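Structure file input_8.tsv; described as TSV, C-alpha atoms.
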chain	number	residue	atom	x	y	z
O	1	MET	CA	-4.89	-49.84	26.52
O	2	LYS	CA	-8.08	-47.94	27.36
O	3	HIS	CA	-6.03	-45.73	29.69
O	4	HIS	CA	-3.60	-44.81	26.86
O	5	ALA	CA	-6.47	-44.01	24.48
O	6	PHE	CA	-8.10	-41.80	27.12
O	7	VAL	CA	-4.83	-39.94	27.80
O	8	LEU	CA	-4.31	-39.48	24.07
O	9	TRP	CA	-7.86	-38.14	23.68
O	10	ILE	CA	-7.29	-35.69	26.58
O	11	LEU	CA	-4.03	-34.47	25.01
O	12	LEU	CA	-5.60	-33.97	21.59
O	13	TRP	CA	-8.66	-32.24	23.05
O	14	SER	CA	-6.56	-29.89	25.18
O	15	SER	CA	-4.24	-28.98	22.28
O	16	GLY	CA	-7.30	-28.22	20.12
O	17	ALA	CA	-8.75	-26.04	22.88
O	18	MET	CA	-5.43	-24.21	23.15
O	19	LEU	CA	-5.38	-23.58	19.38
O	20	GLN	CA	-8.91	-22.20	19.51
O	21	ALA	CA	-8.02	-19.93	22.41
O	22	GLN	CA	-4.96	-18.57	20.55
O	23	THR	CA	-6.73	-17.87	17.25
O	24	PRO	CA	-7.72	-14.20	17.13
O	25	ALA	CA	-11.28	-13.38	16.22
O	26	THR	CA	-11.74	-12.15	12.67
O	27	PRO	CA	-13.37	-8.72	12.65
O	28	ASP	CA	-16.45	-8.34	10.48
O	29	THR	CA	-16.23	-6.57	7.15
O	30	ASP	CA	-18.25	-3.55	8.29
O	31	SER	CA	-15.87	-2.92	11.20
O	32	LEU	CA	-12.87	-3.13	8.89
O	33	ARG	CA	-14.47	-0.78	6.36
O	34	ILE	CA	-15.27	1.77	9.08
O	35	GLU	CA	-11.73	1.60	10.46
O	36	PHE	CA	-10.29	1.94	6.95
O	37	GLU	CA	-12.40	5.05	6.28
O	38	GLN	CA	-11.30	6.56	9.61
O	39	ILE	CA	-7.64	6.00	8.68
O	40	LYS	CA	-8.17	7.57	5.26
O	41	ALA	CA	-9.86	10.59	6.89
O	42	LYS	CA	-6.87	11.06	9.22
O	43	ASN	CA	-4.50	10.70	6.25
O	44	ARG	CA	-6.47	13.33	4.27
O	45	GLU	CA	-6.33	15.72	7.23
O	46	ALA	CA	-2.58	15.23	7.64
O	47	ALA	CA	-2.04	15.68	3.89
O	48	ALA	CA	-4.08	18.88	3.89
O	49	ASN	CA	-1.75	20.31	6.54
O	50	THR	CA	1.37	19.40	4.56
O	51	SER	CA	3.13	21.38	1.85
O	52	TRP	CA	3.63	19.02	-1.12
O	53	SER	CA	6.04	19.54	-3.99
O	54	HIS	CA	8.05	17.46	-6.42
O	55	TYR	CA	10.99	17.62	-8.74
O	56	ILE	CA	12.15	15.48	-11.64
O	57	ILE	CA	15.22	13.25	-11.36
O	58	GLN	CA	17.30	11.30	-13.87
O	59	SER	CA	16.61	7.58	-13.71
O	60	GLU	CA	19.59	5.24	-13.39
O	61	GLY	CA	17.95	2.93	-15.94
O	62	GLY	CA	17.45	5.78	-18.40
O	63	GLY	CA	14.64	8.30	-18.59
O	64	PHE	CA	13.11	10.26	-15.73
O	65	GLY	CA	11.68	9.72	-12.27
O	66	TYR	CA	10.50	12.02	-9.52
O	67	CYS	CA	11.01	12.97	-5.91
O	68	ILE	CA	7.98	13.88	-3.79
O	69	MET	CA	8.68	16.37	-1.01
O	70	ALA	CA	6.58	16.82	2.15
O	71	ASP	CA	7.23	20.07	4.00
O	72	GLY	CA	10.62	20.31	2.29
O	73	HIS	CA	11.71	16.75	3.16
O	74	VAL	CA	12.05	13.77	0.83
O	75	TYR	CA	8.92	11.65	1.13
O	76	ILE	CA	9.20	9.44	-1.98
O	77	TRP	CA	12.20	8.91	-4.25
O	78	GLN	CA	10.95	7.15	-7.39
O	79	GLY	CA	13.68	6.67	-9.95
O	80	ASN	CA	11.77	4.21	-12.13
O	81	ILE	CA	8.23	3.84	-13.45
O	82	PRO	CA	6.14	2.57	-10.52
O	83	GLY	CA	3.69	-0.29	-10.90
O	84	ILE	CA	5.64	-2.21	-13.52
O	85	PRO	CA	8.75	-4.41	-13.31
O	86	GLY	CA	12.15	-3.07	-14.26
O	87	ASN	CA	14.30	-0.01	-13.69
O	88	GLN	CA	13.25	2.06	-16.67
O	89	GLY	CA	12.30	5.67	-16.08
O	90	PHE	CA	9.61	7.63	-17.87
O	91	GLU	CA	10.43	8.54	-21.47
O	92	SER	CA	9.78	12.24	-20.90
O	93	VAL	CA	9.93	14.85	-18.17
O	94	GLU	CA	6.25	15.59	-18.84
O	95	LYS	CA	5.19	11.99	-18.06
O	96	ALA	CA	7.27	11.94	-14.86
O	97	GLU	CA	5.64	15.27	-13.88
O	98	ARG	CA	2.15	13.88	-14.47
O	99	CYS	CA	2.87	10.73	-12.46
O	100	ALA	CA	4.26	12.79	-9.57
O	101	GLY	CA	1.06	14.86	-9.64
O	102	LEU	CA	-1.03	11.67	-9.58
O	103	VAL	CA	0.91	10.39	-6.56
O	104	ILE	CA	0.43	13.66	-4.69
O	105	GLN	CA	-3.30	13.59	-5.48
O	106	LYS	CA	-3.56	10.03	-4.12
O	107	ILE	CA	-1.81	11.17	-0.93
O	108	LYS	CA	-4.24	14.10	-0.59
O	109	ASP	CA	-7.12	11.63	-1.10
O	110	GLY	CA	-5.90	9.71	1.97
O	111	GLU	CA	-4.14	6.82	0.24
O	112	SER	CA	-1.09	5.88	2.26
O	113	PRO	CA	1.15	4.59	0.96
O	114	PRO	CA	0.08	5.87	-2.45
O	115	THR	CA	0.00	3.08	-5.00
O	116	ILE	CA	0.37	3.48	-8.75
O	117	THR	CA	-0.85	0.49	-10.72
O	118	GLU	CA	-0.22	-0.45	-14.32
O	119	GLU	CA	-3.87	0.45	-14.95
O	120	ASP	CA	-3.27	3.95	-13.49
O	121	LEU	CA	-0.31	4.35	-15.82
O	122	LYS	CA	-2.32	3.29	-18.88
O	123	ASN	CA	-5.39	5.36	-17.96
O	124	ASN	CA	-3.20	8.46	-17.63
O	125	GLN	CA	-1.30	7.74	-20.87
O	126	LEU	CA	1.97	7.39	-18.93
O	127	ILE	CA	2.87	4.10	-20.62
O	128	HIS	CA	1.78	2.52	-23.91
O	129	HIS	CA	-1.15	0.09	-23.81
Take the structure I supplied and represent it as structure tokens, if you would.
Amino acid sequence: MKHHAFVLWILLWSSGAMLQAQTPATPDTDSLRIEFEQIKAKNREAAANTSWSHYIIQSEGGGFGYCIMADGHVYIWQGNIPGIPGNQGFESVEKAERCAGLVIQKIKDGESPPTITEEDLKNNQLIHH
């Protein structure tokens, strides 16, 4: 009986050691922040060397969306209002234009992929509060 308990202890100990050896080390917050800022800097540099444009599209759900172009190629096709559920487009061409401009500015600021939140939409009067 003692032999079985010892073998069981060895098996449990060795499997725990294997789990510890396979768990990657978690980088510290400062290292992650530095890496994130380096990525954003590279993104800003790439965006600065890119010709950005946009055009307005009809949304399948009604209303308007936008297409963001990078050096003449489709980069983002957004047929609905981003950041909120559903397939509804913006109620006006002007609001779709402003959102497209906001997306391009976020790209130029190094945000990749650019994210539009419901708060962004409200703060820029693109949707009703």
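Comparing the minimum interatomic distances between Glu97 in chain O and each of O:Pro82, O:Gly65, O:Pro113, O:Pro24, counting all atoms listed in the file, we find that O:Gly65 sits nearest.
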Where is the centre and how long are the edges: axis-aligned box on range 73-85 of chain O, 5 Å on each side, Å to one decimal, as JSON:
{"center_x": 8.7, "center_y": 6.2, "center_z": -5.2, "size_x": 20.0, "size_y": 31.2, "size_z": 26.7}
- [ ] For Ile68 in chain O, work out the shell of residues within 7 Å, counting only C-alpha atoms and skipping chain neighbours fewer than 5 positions away, then give it as a list in words.
- [x]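 Neighbouring residues, sequence-local ones excluded: Ser53, His54, Tyr55, Val74, Tyr75, Ile76, Trp77 and Ala100 of chain O.
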Expected file contents, prior selection, C-alpha atoms, as a PDB file, in the coordinates of the input:
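Output below, filename selection-v4.pdb:
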ATOM      1  CA  SER O  53       6.040  19.540  -3.990  1.00  0.00           C
ATOM      2  CA  HIS O  54       8.050  17.460  -6.420  1.00  0.00           C
ATOM      3  CA  TYR O  55      10.990  17.620  -8.740  1.00  0.00           C
ATOM      4  CA  VAL O  74      12.050  13.770   0.830  1.00  0.00           C
ATOM      5  CA  TYR O  75       8.920  11.650   1.130  1.00  0.00           C
ATOM      6  CA  ILE O  76       9.200   9.440  -1.980  1.00  0.00           C
ATOM      7  CA  TRP O  77      12.200   8.910  -4.250  1.00  0.00           C
ATOM      8  CA  ALA O 100       4.260  12.790  -9.570  1.00  0.00           C
TER       9      ALA O 100
END
Task: Point-to-point distance from CA of Ile57 in chain O to CA of Gly79 in chain O, Å rounded to tenths - done: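 The value is 6.9 Å.
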Task: From O:Gly83, O:Glu35, O:Glu118, O:Ile56, residue lying nearest Ala96 in chain O [all atoms listed in the file] - done: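 Once distances to Ala96 in chain O are computed over all atoms listed in the file, the minimum belongs to O:Ile56.
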Open item on the list: I'd like the interatomic distance between CA of Asn123 in chain O and CA of Gly110 in chain O, to a tenth of an Å.
Closed with: 20.4 Å
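We find CA of Glu45 in chain O and CA of Thr26 in chain O to be spaced 28.9 Å apart.
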